[in-house]
>>> print(open('run.txt').read())   # compact mmCIF, C-alpha atoms and all ligand atoms
# COMPACT_ATOMS: atom_id res chain seq x y z
CA MET A 148 -32.54 4.46 194.60
CA THR A 149 -28.95 4.99 193.50
CA THR A 150 -26.66 5.21 196.51
CA ASN A 151 -23.26 6.84 196.73
CA VAL A 152 -20.70 4.69 198.52
CA SER A 153 -17.12 5.28 199.61
CA ALA A 154 -14.39 3.99 197.35
CA TYR A 155 -10.76 4.39 196.33
CA ALA A 156 -10.40 5.47 192.72
CA ALA A 157 -7.77 6.51 190.21
CA PRO A 158 -9.17 9.87 189.01
CA ALA A 159 -7.17 9.62 185.77
CA ALA A 160 -4.68 7.28 184.12
CA ASN A 161 -1.49 7.07 186.20
CA ALA A 162 -2.86 9.30 188.97
CA PRO A 163 -2.55 7.91 192.51
CA LEU A 164 -5.70 6.37 193.92
CA GLU A 165 -7.66 8.53 196.35
CA ARG A 166 -10.77 8.34 198.49
CA THR A 167 -13.99 9.31 196.72
CA THR A 168 -17.61 8.20 196.33
CA VAL A 169 -19.18 6.30 193.46
CA PRO A 170 -22.81 5.49 192.66
CA ARG A 171 -24.22 2.00 193.14
CA ARG A 172 -27.42 1.15 191.32
CA PRO A 173 -30.65 0.37 193.20
CA VAL A 174 -31.01 -3.29 194.23
CA GLY A 175 -32.97 -4.76 191.31
CA GLU A 176 -35.20 -7.84 191.09
CA HIS A 177 -32.22 -10.26 190.86
CA ASP A 178 -29.55 -8.17 192.59
CA VAL A 179 -27.77 -8.58 195.88
CA LEU A 180 -26.25 -5.71 197.85
CA ILE A 181 -22.90 -6.78 199.27
CA GLU A 182 -21.05 -5.11 202.11
CA ILE A 183 -17.49 -5.63 200.93
CA LYS A 184 -15.09 -6.78 203.66
CA TYR A 185 -11.90 -7.43 201.66
CA ALA A 186 -10.64 -6.76 198.16
CA GLY A 187 -7.47 -8.28 196.72
CA ILE A 188 -5.00 -6.30 194.63
CA CYS A 189 -4.41 -8.00 191.30
CA HIS A 190 -1.58 -7.03 188.96
CA SER A 191 -4.17 -6.21 186.30
CA ASP A 192 -5.66 -3.55 188.63
CA ILE A 193 -2.39 -1.66 188.31
CA HIS A 194 -2.28 -2.18 184.55
CA GLN A 195 -5.74 -0.73 184.14
CA ALA A 196 -5.42 2.09 186.67
CA ARG A 197 -2.33 3.14 184.74
CA ASP A 198 -4.16 2.57 181.47
CA GLY A 199 -1.67 -0.03 180.26
CA TRP A 200 -4.28 -1.51 177.92
CA GLY A 201 -5.68 1.86 176.74
CA GLU A 202 -9.23 3.20 176.74
CA GLY A 203 -9.61 3.04 180.51
CA ILE A 204 -12.77 4.53 182.01
CA PHE A 205 -11.94 7.13 184.70
CA PRO A 206 -12.45 7.67 187.53
CA MET A 207 -11.65 3.96 187.98
CA VAL A 208 -12.32 1.89 191.09
CA PRO A 209 -10.29 -1.28 190.59
CA GLY A 210 -10.82 -4.58 192.39
CA HIS A 211 -12.11 -7.91 191.13
CA GLU A 212 -11.20 -10.10 194.08
CA ILE A 213 -14.12 -9.24 196.32
CA ALA A 214 -15.30 -10.95 199.51
CA GLY A 215 -18.13 -9.71 201.68
CA ILE A 216 -21.54 -10.23 203.24
CA VAL A 217 -24.96 -9.92 201.62
CA THR A 218 -26.97 -7.18 203.33
CA GLU A 219 -30.01 -6.94 201.06
CA VAL A 220 -31.53 -8.96 198.22
CA GLY A 221 -33.99 -8.12 195.44
CA PRO A 222 -37.45 -9.73 195.46
CA GLY A 223 -36.54 -12.32 192.79
CA VAL A 224 -33.30 -13.52 194.39
CA THR A 225 -33.19 -17.24 195.20
CA ARG A 226 -29.47 -18.04 195.39
CA HIS A 227 -28.44 -15.77 198.27
CA LYS A 228 -29.92 -14.20 201.38
CA ALA A 229 -28.93 -11.48 203.83
CA GLY A 230 -26.01 -12.62 205.97
CA ASP A 231 -24.49 -14.93 203.34
CA ARG A 232 -20.74 -14.85 202.77
CA VAL A 233 -20.16 -14.15 199.10
CA GLY A 234 -17.56 -13.28 196.54
CA VAL A 235 -17.38 -11.47 193.21
CA GLY A 236 -14.69 -12.06 190.63
CA CYS A 237 -13.65 -10.52 187.32
CA PHE A 238 -17.05 -10.12 185.67
CA VAL A 239 -20.52 -9.16 186.88
CA ASP A 240 -22.61 -10.02 183.82
CA SER A 241 -22.46 -11.61 180.37
CA CYS A 242 -24.88 -12.06 177.46
CA ARG A 243 -26.29 -15.31 178.96
CA GLU A 244 -27.28 -16.51 175.48
CA CYS A 245 -24.18 -17.35 173.45
CA GLU A 246 -22.89 -20.92 173.23
CA TYR A 247 -20.22 -20.25 175.86
CA CYS A 248 -22.53 -18.56 178.38
CA ARG A 249 -24.92 -21.51 177.99
CA GLN A 250 -22.06 -23.90 178.78
CA GLY A 251 -21.02 -21.98 181.88
CA LEU A 252 -17.97 -20.54 180.13
CA GLU A 253 -19.10 -16.95 180.67
CA GLN A 254 -15.49 -15.78 180.69
CA TYR A 255 -15.41 -16.51 176.96
CA CYS A 256 -18.79 -14.84 176.21
CA VAL A 257 -18.76 -13.87 172.51
CA LYS A 258 -20.27 -10.50 173.39
CA GLY A 259 -17.51 -9.90 175.90
CA GLY A 260 -19.30 -9.95 179.25
CA THR A 261 -19.23 -7.04 181.71
CA GLY A 262 -16.05 -6.50 183.69
CA THR A 263 -16.39 -5.86 187.43
CA TYR A 264 -14.76 -2.48 186.82
CA ASN A 265 -13.52 -0.42 183.90
CA ALA A 266 -16.50 -1.57 181.83
CA LEU A 267 -19.98 -0.39 180.88
CA ASP A 268 -22.98 -2.37 182.08
CA LYS A 269 -26.08 -3.16 180.02
CA ASN A 270 -27.46 0.31 180.73
CA GLY A 271 -24.25 1.96 179.59
CA GLU A 272 -23.25 2.89 183.14
CA PRO A 273 -19.61 2.42 184.21
CA THR A 274 -18.88 -0.44 186.60
CA TYR A 275 -16.84 0.18 189.74
CA GLY A 276 -14.87 -2.58 191.47
CA GLY A 277 -14.07 -3.82 194.93
CA TYR A 278 -11.95 -1.03 196.42
CA SER A 279 -15.19 0.15 197.92
CA THR A 280 -17.52 -0.43 200.86
CA HIS A 281 -20.50 -1.84 198.92
CA ILE A 282 -21.37 -3.28 195.52
CA VAL A 283 -24.62 -4.33 193.83
CA VAL A 284 -24.29 -7.48 191.71
CA ASP A 285 -26.71 -9.82 189.93
CA GLU A 286 -27.19 -12.97 192.03
CA ASN A 287 -26.12 -15.18 189.13
CA TYR A 288 -22.67 -13.59 189.09
CA THR A 289 -22.20 -13.77 192.86
CA LEU A 290 -20.35 -16.74 194.39
CA ARG A 291 -20.88 -18.47 197.70
CA ILE A 292 -17.82 -18.47 200.00
CA PRO A 293 -17.91 -21.65 202.12
CA ASP A 294 -17.60 -21.30 205.91
CA GLY A 295 -14.22 -23.04 205.92
CA LEU A 296 -12.57 -20.08 204.21
CA SER A 297 -11.82 -16.78 205.92
CA LEU A 298 -13.00 -13.83 203.83
CA ASP A 299 -9.59 -12.15 203.66
CA GLU A 300 -7.82 -15.30 202.41
CA ALA A 301 -10.74 -16.09 200.10
CA ALA A 302 -10.75 -12.74 198.27
CA PRO A 303 -7.73 -13.50 196.03
CA LEU A 304 -9.26 -16.82 195.02
CA LEU A 305 -11.81 -14.90 192.93
CA CYS A 306 -9.13 -14.02 190.35
CA ALA A 307 -5.77 -15.60 191.23
CA GLY A 308 -7.36 -18.85 192.47
CA ILE A 309 -9.66 -19.47 189.53
CA THR A 310 -7.02 -18.36 187.01
CA LEU A 311 -4.90 -21.32 188.11
CA TYR A 312 -7.64 -23.78 189.03
CA SER A 313 -9.27 -23.65 185.60
CA PRO A 314 -6.25 -24.74 183.50
CA LEU A 315 -5.14 -27.24 186.15
CA ALA A 316 -8.60 -28.85 186.08
CA HIS A 317 -9.00 -28.58 182.30
CA TRP A 318 -5.63 -30.24 181.58
CA ASN A 319 -6.24 -32.88 184.26
CA ALA A 320 -3.59 -32.10 186.85
CA GLY A 321 -3.87 -34.92 189.37
CA PRO A 322 -2.23 -38.08 190.70
CA GLY A 323 0.49 -39.40 188.40
CA LYS A 324 0.82 -36.06 186.58
CA LYS A 325 3.91 -33.90 186.66
CA VAL A 326 3.00 -30.23 186.71
CA ALA A 327 5.27 -27.19 186.62
CA ILE A 328 4.24 -23.72 187.69
CA VAL A 329 6.33 -20.91 186.19
CA GLY A 330 6.65 -17.94 188.53
CA LEU A 331 5.89 -17.89 192.26
CA GLY A 332 3.85 -14.71 192.70
CA GLY A 333 0.19 -14.01 193.41
CA LEU A 334 -0.93 -16.39 190.68
CA GLY A 335 1.86 -18.95 190.96
CA HIS A 336 1.55 -19.53 194.69
CA MET A 337 -2.11 -20.48 194.22
CA GLY A 338 -1.08 -22.75 191.35
CA VAL A 339 1.30 -24.62 193.63
CA LYS A 340 -1.30 -25.01 196.38
CA ILE A 341 -4.07 -26.16 194.04
CA ALA A 342 -1.93 -28.49 191.90
CA HIS A 343 -0.60 -30.11 195.07
CA ALA A 344 -4.11 -30.50 196.50
CA LEU A 345 -5.23 -32.06 193.21
CA GLY A 346 -2.57 -34.73 193.79
CA ALA A 347 -0.06 -33.78 191.09
CA GLU A 348 3.72 -33.82 191.51
CA VAL A 349 4.52 -30.10 191.50
CA THR A 350 7.65 -28.28 190.40
CA VAL A 351 8.19 -24.54 190.67
CA LEU A 352 10.23 -22.91 187.93
CA SER A 353 11.28 -19.54 189.27
CA GLN A 354 13.94 -17.08 188.17
CA SER A 355 15.99 -17.69 191.30
CA LEU A 356 15.94 -19.92 194.37
CA LYS A 357 15.02 -16.97 196.63
CA LYS A 358 11.53 -18.25 197.41
CA ARG A 359 12.45 -21.95 197.44
CA GLU A 360 11.58 -22.49 201.09
CA ASP A 361 8.18 -20.86 200.59
CA GLY A 362 7.53 -22.91 197.47
CA LEU A 363 8.19 -26.20 199.25
CA LYS A 364 6.02 -25.10 202.19
CA LEU A 365 3.17 -24.24 199.80
CA GLY A 366 3.24 -27.79 198.45
CA ALA A 367 5.89 -27.95 195.73
CA ASP A 368 7.88 -31.19 195.48
CA HIS A 369 10.73 -29.59 193.52
CA TYR A 370 12.05 -26.10 192.92
CA TYR A 371 14.38 -24.99 190.13
CA ALA A 372 15.91 -21.69 189.05
CA THR A 373 15.29 -20.85 185.39
CA SER A 374 18.30 -18.51 185.40
CA ASP A 375 20.42 -21.67 185.57
CA PRO A 376 20.73 -23.21 182.08
CA GLU A 377 21.32 -26.61 183.73
CA THR A 378 17.64 -26.58 184.75
CA PHE A 379 16.53 -26.94 181.13
CA THR A 380 18.89 -29.87 180.54
CA ALA A 381 17.95 -31.62 183.78
CA LEU A 382 14.21 -31.30 183.24
CA ALA A 383 13.99 -31.91 179.47
CA GLY A 384 10.88 -33.95 178.58
CA SER A 385 9.64 -34.06 182.22
CA PHE A 386 6.21 -32.45 182.45
CA ASP A 387 2.67 -33.28 181.45
CA LEU A 388 1.62 -29.70 182.05
CA ILE A 389 3.36 -26.38 182.53
CA VAL A 390 1.34 -23.33 183.57
CA SER A 391 3.16 -20.05 183.06
CA THR A 392 2.02 -17.15 185.24
CA VAL A 393 4.64 -14.67 184.11
CA SER A 394 3.82 -11.69 181.93
CA ALA A 395 7.44 -10.99 181.02
CA PRO A 396 8.53 -12.55 177.72
CA ILE A 397 9.97 -16.05 178.22
CA ASP A 398 11.76 -18.41 175.83
CA PHE A 399 8.75 -20.49 174.83
CA GLY A 400 10.87 -22.96 172.86
CA ALA A 401 12.94 -23.71 175.94
CA TYR A 402 9.84 -24.29 178.10
CA LEU A 403 8.21 -26.47 175.44
CA SER A 404 11.32 -28.67 175.52
CA LEU A 405 10.46 -29.47 179.13
CA LEU A 406 7.18 -31.14 178.13
CA LYS A 407 6.59 -34.82 177.58
CA THR A 408 4.94 -35.95 174.35
CA ASP A 409 1.33 -34.65 174.36
CA GLY A 410 2.21 -32.16 177.08
CA ALA A 411 0.76 -28.67 177.22
CA LEU A 412 2.25 -25.28 178.05
CA VAL A 413 -0.57 -23.01 179.18
CA ASN A 414 -0.20 -19.27 179.59
CA VAL A 415 -2.23 -17.34 182.10
CA GLY A 416 0.19 -14.41 182.09
CA ALA A 417 0.27 -12.43 178.88
CA PRO A 418 3.50 -10.90 177.60
CA GLU A 419 2.64 -7.67 175.76
CA GLU A 420 4.88 -8.36 172.79
CA PRO A 421 4.11 -11.05 170.17
CA ILE A 422 6.41 -14.05 170.27
CA ALA A 423 8.46 -15.79 167.60
CA LEU A 424 8.40 -19.57 167.90
CA ASN A 425 9.94 -22.38 165.90
CA LEU A 426 6.94 -24.69 165.43
CA PHE A 427 9.16 -27.76 165.42
CA SER A 428 9.12 -27.33 169.19
CA LEU A 429 5.42 -28.29 169.02
CA ILE A 430 5.52 -30.81 166.17
CA GLY A 431 8.15 -33.04 167.72
CA GLY A 432 6.11 -34.40 170.61
CA ARG A 433 2.57 -33.36 169.55
CA LYS A 434 2.70 -30.56 172.10
CA THR A 435 0.17 -27.84 172.81
CA LEU A 436 0.81 -24.18 173.44
CA ALA A 437 -2.36 -22.79 174.97
CA GLY A 438 -3.89 -19.96 176.97
CA SER A 439 -6.53 -19.80 179.67
CA MET A 440 -8.49 -16.94 181.20
CA ILE A 441 -10.07 -17.02 184.69
CA GLY A 442 -13.10 -19.39 184.80
CA GLY A 443 -16.88 -19.46 184.52
CA ILE A 444 -19.28 -18.96 187.41
CA ALA A 445 -19.90 -22.68 188.00
CA GLU A 446 -16.21 -23.50 187.86
CA THR A 447 -15.37 -20.60 190.19
CA GLN A 448 -17.86 -22.01 192.70
CA GLU A 449 -16.30 -25.46 192.26
CA MET A 450 -12.87 -23.90 192.94
CA LEU A 451 -14.10 -22.15 196.12
CA ASP A 452 -15.65 -25.40 197.37
CA PHE A 453 -12.44 -27.29 196.52
CA CYS A 454 -10.27 -24.73 198.30
CA ALA A 455 -12.52 -24.82 201.38
CA ALA A 456 -12.46 -28.64 201.45
CA HIS A 457 -8.65 -28.59 201.29
CA GLY A 458 -8.16 -25.61 203.61
CA LEU A 459 -6.58 -23.51 200.87
CA GLY A 460 -6.67 -19.74 201.12
CA ALA A 461 -4.27 -17.27 199.58
CA GLU A 462 -1.14 -16.14 201.43
CA ILE A 463 -1.94 -12.52 202.11
CA GLU A 464 -0.78 -9.23 203.55
CA VAL A 465 -3.79 -7.20 204.73
CA ILE A 466 -3.42 -3.44 204.22
CA ARG A 467 -5.40 -0.28 204.89
CA ALA A 468 -6.90 1.62 201.99
CA ASP A 469 -4.42 4.47 202.43
CA GLN A 470 -1.63 1.99 201.67
CA ILE A 471 -2.95 1.08 198.21
CA ASN A 472 -0.58 3.30 196.24
CA GLU A 473 2.41 2.02 198.18
CA ALA A 474 1.18 -1.55 197.67
CA TYR A 475 1.02 -0.97 193.89
CA GLU A 476 4.70 -0.01 193.87
CA ARG A 477 5.55 -3.12 195.86
CA VAL A 478 3.56 -5.39 193.52
CA LEU A 479 5.50 -3.96 190.57
CA VAL A 480 8.77 -5.08 192.14
CA SER A 481 7.31 -8.41 193.34
CA ASP A 482 7.70 -7.36 196.97
CA VAL A 483 4.65 -9.16 198.34
CA ARG A 484 4.12 -12.65 199.69
CA TYR A 485 1.82 -13.25 197.97
CA ARG A 486 -1.23 -11.05 197.65
CA PHE A 487 -2.22 -7.69 199.12
CA VAL A 488 -5.76 -7.61 200.43
CA ILE A 489 -7.42 -4.31 201.34
CA ASP A 490 -9.43 -4.20 204.56
CA THR A 491 -12.30 -2.22 203.10
CA SER A 492 -13.50 -1.04 206.52
CA THR A 493 -10.61 1.44 206.24
CA ILE A 494 -12.12 3.03 203.13
ZN ZN A 501 -7.08 -10.28 188.43
ZN ZN A 502 -22.34 -14.85 176.19
>>> encode(input="run.txt", output="structure tokens")
Amino acid sequence: MTTNVSAYAAPAANAPLERTTVPRRPVGEHDVLIEIKYAGICHSDIHQARDGWGEGIFPMVPGHEIAGIVTEVGPGVTRHKAGDRVGVGCFVDSCRECEYCRQGLEQYCVKGGTGTYNALDKNGEPTYGGYSTHIVVDENYTLRIPDGLSLDEAAPLLCAGITLYSPLAHWNAGPGKKVAIVGLGGLGHMGVKIAHALGAEVTVLSQSLKKREDGLKLGADHYYATSDPETFTALAGSFDLIVSTVSAPIDFGAYLSLLKTDGALVNVGAPEEPIALNLFSLIGGRKTLAGSMIGGIAETQEMLDFCAAHGLGAEIEVIRADQINEAYERVLVSDVRYRFVIDTSTI
């Protein structure tokens, strides 16, 4: 039976979010019903609720950093049981057949996968995200949250955590490697924590030195202001890996000059405008300019287990549902250290 559950939704593009109800599908053979406890606010929630990428599906219930408890399982479910602590990230299904799905790289599914919200599922029904009291998700797209992690601090790991863990793991951040994280926001602060826990020497490259103390506390070894041109002279040729979390346009040539030979500059933030780049900045030094998007289900589980083993949760500010609109404004001016998490019992 389809059930209506409470949620916060944007009724139309750019409209403030408000309390409403949305339908959740019946718990199917391989589904789990999750009582959501916390949902993180990701910058892309704001983008989509304001239809920054176009073609948004409204009403829209954002939220793809979901942590909660399983309350019911379908008859065919083997991976989870009632009472389990679980999480849901940016997608709730994928084709399961393409070469990437078969390799556990569901985030790069050639058929596009099914977003946790602002998408249509296989039956053509809109998906609604985590700013809600309950969600029904296929067991294969539901993650286990280890006991060592509190649910509120775990929620942002489902997007911000995996977005940083995946490139850091893929480009082998670890002992003996010098890693820079560009931007110390919701994404960047997780990058610092994870890169440090992986054993890399970590540098934060931030616009100013305002958050320097925080950065060092989170695990950075060094902290530089990119507004100071001296930074680019002092750090020329220093890094094995730079992960940029900023979505504002940056001078890619200048950042590439900070890489060692064979170094990589990986973008997880996406500036809206195309960039112009002198390719000599790649050729001299066999450098790579790359991108990375969240992570697959298996890697997301690996990240959660890694974070639990190292005691890494997100730095959060827990809010009530009626503070969501205010929180959006604060995210837009980077006034949060470092992730808002909605206590969904207030929905
Ligand atoms: Zn996100
Ligand atoms: Zn696929």
>>> closest_residue(input="run.txt", among="A:Asp452, A:Asp490, A:Asp240, A:Glu446", to="Asp178 in chain A", atoms="only C-alpha atoms")
A:Asp240
>>> axis_aligned_box(input="run.txt", around="range 281-296 of chain A", padding_each_side="6 Å", output="JSON")
{"center_x": -19.9, "center_y": -12.4, "center_z": 197.5, "size_x": 26.6, "size_y": 33.2, "size_z": 28.8}
>>> closest_atom_pairs(input="run.txt", of="chain A", to="ligand ZN 501 (chain A)", cutoff="9 Å", atoms="all atoms listed in the file", output="CSV")
residue,atom,partner,partner_atom,distance
A:Gly187,CA,A:ZN501,ZN,8.5
A:Ile188,CA,A:ZN501,ZN,7.7
A:Cys189,CA,A:ZN501,ZN,4.5
A:His190,CA,A:ZN501,ZN,6.4
A:Ser191,CA,A:ZN501,ZN,5.4
A:Asp192,CA,A:ZN501,ZN,6.9
A:Gly210,CA,A:ZN501,ZN,7.9
A:His211,CA,A:ZN501,ZN,6.2
A:Glu212,CA,A:ZN501,ZN,7.0
A:Gly236,CA,A:ZN501,ZN,8.1
A:Cys237,CA,A:ZN501,ZN,6.7
A:Pro303,CA,A:ZN501,ZN,8.3
A:Leu305,CA,A:ZN501,ZN,8.0
A:Cys306,CA,A:ZN501,ZN,4.7
A:Ala307,CA,A:ZN501,ZN,6.2
A:Thr310,CA,A:ZN501,ZN,8.2
A:Leu334,CA,A:ZN501,ZN,9.0
A:Ile441,CA,A:ZN501,ZN,8.3
>>> residues_near_ligand(input="run.txt", ligand="ligand ZN 502 (chain A)", cutoff="10 Å", atoms="all atoms listed in the file", output="ChimeraX atom specification")
/A:240-260
>>> residues_around(input="run.txt", residues="range 158-162 of chain A", least_positions_apart="6", cutoff="6 Å", atoms="all atoms listed in the file", output="list of chain:residue names")
A:Ala196, A:Arg197, A:Asp198, A:Phe205, A:Pro206
>>> atom_distance(input="run.txt", atom1="CA of Val283 in chain A", atom2="CA of Ala157 in chain A")
20.4 Å
>>> residues_around(input="run.txt", residues="Arg433 in chain A", least_positions_apart="2", cutoff="7 Å", atoms="all atoms listed in the file", output="MDAnalysis selection string")
chainID A and resid 408:409 429:431 435
>>> write_last_selection(input="run.txt", atoms="C-alpha atoms", output="PDB file, in the frame of the given file")
ATOM      1  CA  THR A 408       4.940 -35.950 174.350  1.00  0.00           C
ATOM      2  CA  ASP A 409       1.330 -34.650 174.360  1.00  0.00           C
ATOM      3  CA  LEU A 429       5.420 -28.290 169.020  1.00  0.00           C
ATOM      4  CA  ILE A 430       5.520 -30.810 166.170  1.00  0.00           C
ATOM      5  CA  GLY A 431       8.150 -33.040 167.720  1.00  0.00           C
ATOM      6  CA  THR A 435       0.170 -27.840 172.810  1.00  0.00           C
TER       7      THR A 435
END
>>> decode(input="run.txt", residues="range 152-173 of chain A", atoms="N, CA, C and O atoms", output="PDB file, in the first residue's frame")
ATOM      1  N   VAL A 152       3.673  10.243   3.683  1.00  0.00           N
ATOM      2  CA  VAL A 152       4.525  10.569   4.826  1.00  0.00           C
ATOM      3  C   VAL A 152       4.814  12.067   4.834  1.00  0.00           C
ATOM      4  O   VAL A 152       4.750  12.734   3.800  1.00  0.00           O
ATOM      5  N   SER A 153       5.143  12.584   6.010  1.00  0.00           N
ATOM      6  CA  SER A 153       5.444  14.010   6.130  1.00  0.00           C
ATOM      7  C   SER A 153       6.796  14.324   5.508  1.00  0.00           C
ATOM      8  O   SER A 153       7.716  13.510   5.559  1.00  0.00           O
ATOM      9  N   ALA A 154       6.883  15.510   4.933  1.00  0.00           N
ATOM     10  CA  ALA A 154       8.117  15.911   4.265  1.00  0.00           C
ATOM     11  C   ALA A 154       8.178  17.427   4.173  1.00  0.00           C
ATOM     12  O   ALA A 154       7.170  18.111   4.388  1.00  0.00           O
ATOM     13  N   TYR A 155       9.364  17.936   3.867  1.00  0.00           N
ATOM     14  CA  TYR A 155       9.518  19.350   3.507  1.00  0.00           C
ATOM     15  C   TYR A 155       9.835  19.401   2.029  1.00  0.00           C
ATOM     16  O   TYR A 155      10.767  18.725   1.568  1.00  0.00           O
ATOM     17  N   ALA A 156       9.067  20.201   1.296  1.00  0.00           N
ATOM     18  CA  ALA A 156       9.229  20.238  -0.157  1.00  0.00           C
ATOM     19  C   ALA A 156       9.253  21.669  -0.665  1.00  0.00           C
ATOM     20  O   ALA A 156       8.653  22.566  -0.068  1.00  0.00           O
ATOM     21  N   ALA A 157       9.953  21.861  -1.790  1.00  0.00           N
ATOM     22  CA  ALA A 157       9.825  23.101  -2.546  1.00  0.00           C
ATOM     23  C   ALA A 157       8.672  22.876  -3.512  1.00  0.00           C
ATOM     24  O   ALA A 157       8.745  21.995  -4.363  1.00  0.00           O
ATOM     25  N   PRO A 158       7.558  23.630  -3.367  1.00  0.00           N
ATOM     26  CA  PRO A 158       6.405  23.396  -4.237  1.00  0.00           C
ATOM     27  C   PRO A 158       6.671  23.771  -5.695  1.00  0.00           C
ATOM     28  O   PRO A 158       6.045  23.232  -6.599  1.00  0.00           O
ATOM     29  N   ALA A 159       7.601  24.707  -5.902  1.00  0.00           N
ATOM     30  CA  ALA A 159       7.964  25.145  -7.252  1.00  0.00           C
ATOM     31  C   ALA A 159       9.390  25.671  -7.195  1.00  0.00           C
ATOM     32  O   ALA A 159       9.912  25.911  -6.106  1.00  0.00           O
ATOM     33  N   ALA A 160       9.999  25.835  -8.369  1.00  0.00           N
ATOM     34  CA  ALA A 160      11.371  26.336  -8.410  1.00  0.00           C
ATOM     35  C   ALA A 160      11.444  27.664  -7.662  1.00  0.00           C
ATOM     36  O   ALA A 160      10.586  28.532  -7.849  1.00  0.00           O
ATOM     37  N   ASN A 161      12.460  27.796  -6.796  1.00  0.00           N
ATOM     38  CA  ASN A 161      12.695  29.043  -6.065  1.00  0.00           C
ATOM     39  C   ASN A 161      11.717  29.343  -4.943  1.00  0.00           C
ATOM     40  O   ASN A 161      11.900  30.307  -4.226  1.00  0.00           O
ATOM     41  N   ALA A 162      10.659  28.539  -4.800  1.00  0.00           N
ATOM     42  CA  ALA A 162       9.726  28.768  -3.692  1.00  0.00           C
ATOM     43  C   ALA A 162      10.348  28.222  -2.416  1.00  0.00           C
ATOM     44  O   ALA A 162      11.068  27.231  -2.448  1.00  0.00           O
ATOM     45  N   PRO A 163      10.077  28.874  -1.267  1.00  0.00           N
ATOM     46  CA  PRO A 163      10.594  28.344   0.000  1.00  0.00           C
ATOM     47  C   PRO A 163      10.052  26.943   0.255  1.00  0.00           C
ATOM     48  O   PRO A 163       8.946  26.619  -0.181  1.00  0.00           O
ATOM     49  N   LEU A 164      10.829  26.151   0.980  1.00  0.00           N
ATOM     50  CA  LEU A 164      10.359  24.802   1.311  1.00  0.00           C
ATOM     51  C   LEU A 164       9.299  24.882   2.395  1.00  0.00           C
ATOM     52  O   LEU A 164       9.374  25.731   3.288  1.00  0.00           O
ATOM     53  N   GLU A 165       8.309  23.990   2.316  1.00  0.00           N
ATOM     54  CA  GLU A 165       7.239  23.980   3.310  1.00  0.00           C
ATOM     55  C   GLU A 165       6.816  22.552   3.619  1.00  0.00           C
ATOM     56  O   GLU A 165       7.070  21.629   2.838  1.00  0.00           O
ATOM     57  N   ARG A 166       6.159  22.407   4.767  1.00  0.00           N
ATOM     58  CA  ARG A 166       5.725  21.076   5.192  1.00  0.00           C
ATOM     59  C   ARG A 166       4.613  20.568   4.277  1.00  0.00           C
ATOM     60  O   ARG A 166       3.707  21.315   3.900  1.00  0.00           O
ATOM     61  N   THR A 167       4.688  19.290   3.917  1.00  0.00           N
ATOM     62  CA  THR A 167       3.674  18.686   3.064  1.00  0.00           C
ATOM     63  C   THR A 167       3.694  17.177   3.299  1.00  0.00           C
ATOM     64  O   THR A 167       4.342  16.705   4.230  1.00  0.00           O
ATOM     65  N   THR A 168       2.965  16.425   2.473  1.00  0.00           N
ATOM     66  CA  THR A 168       3.103  14.965   2.509  1.00  0.00           C
ATOM     67  C   THR A 168       3.424  14.476   1.106  1.00  0.00           C
ATOM     68  O   THR A 168       3.042  15.105   0.120  1.00  0.00           O
ATOM     69  N   VAL A 169       4.161  13.377   1.047  1.00  0.00           N
ATOM     70  CA  VAL A 169       4.482  12.763  -0.246  1.00  0.00           C
ATOM     71  C   VAL A 169       4.242  11.252  -0.137  1.00  0.00           C
ATOM     72  O   VAL A 169       4.329  10.678   0.950  1.00  0.00           O
ATOM     73  N   PRO A 170       3.933  10.618  -1.277  1.00  0.00           N
ATOM     74  CA  PRO A 170       3.690   9.178  -1.240  1.00  0.00           C
ATOM     75  C   PRO A 170       4.990   8.376  -1.207  1.00  0.00           C
ATOM     76  O   PRO A 170       5.963   8.754  -1.854  1.00  0.00           O
ATOM     77  N   ARG A 171       4.993   7.314  -0.421  1.00  0.00           N
ATOM     78  CA  ARG A 171       6.083   6.332  -0.483  1.00  0.00           C
ATOM     79  C   ARG A 171       5.484   5.032  -0.977  1.00  0.00           C
ATOM     80  O   ARG A 171       4.408   4.613  -0.513  1.00  0.00           O
ATOM     81  N   ARG A 172       6.211   4.358  -1.850  1.00  0.00           N
ATOM     82  CA  ARG A 172       5.661   3.132  -2.443  1.00  0.00           C
ATOM     83  C   ARG A 172       5.554   2.019  -1.404  1.00  0.00           C
ATOM     84  O   ARG A 172       6.230   2.062  -0.360  1.00  0.00           O
ATOM     85  N   PRO A 173       4.732   1.002  -1.672  1.00  0.00           N
ATOM     86  CA  PRO A 173       4.654  -0.136  -0.762  1.00  0.00           C
ATOM     87  C   PRO A 173       6.024  -0.797  -0.665  1.00  0.00           C
ATOM     88  O   PRO A 173       6.812  -0.724  -1.602  1.00  0.00           O
TER      89      PRO A 173
END
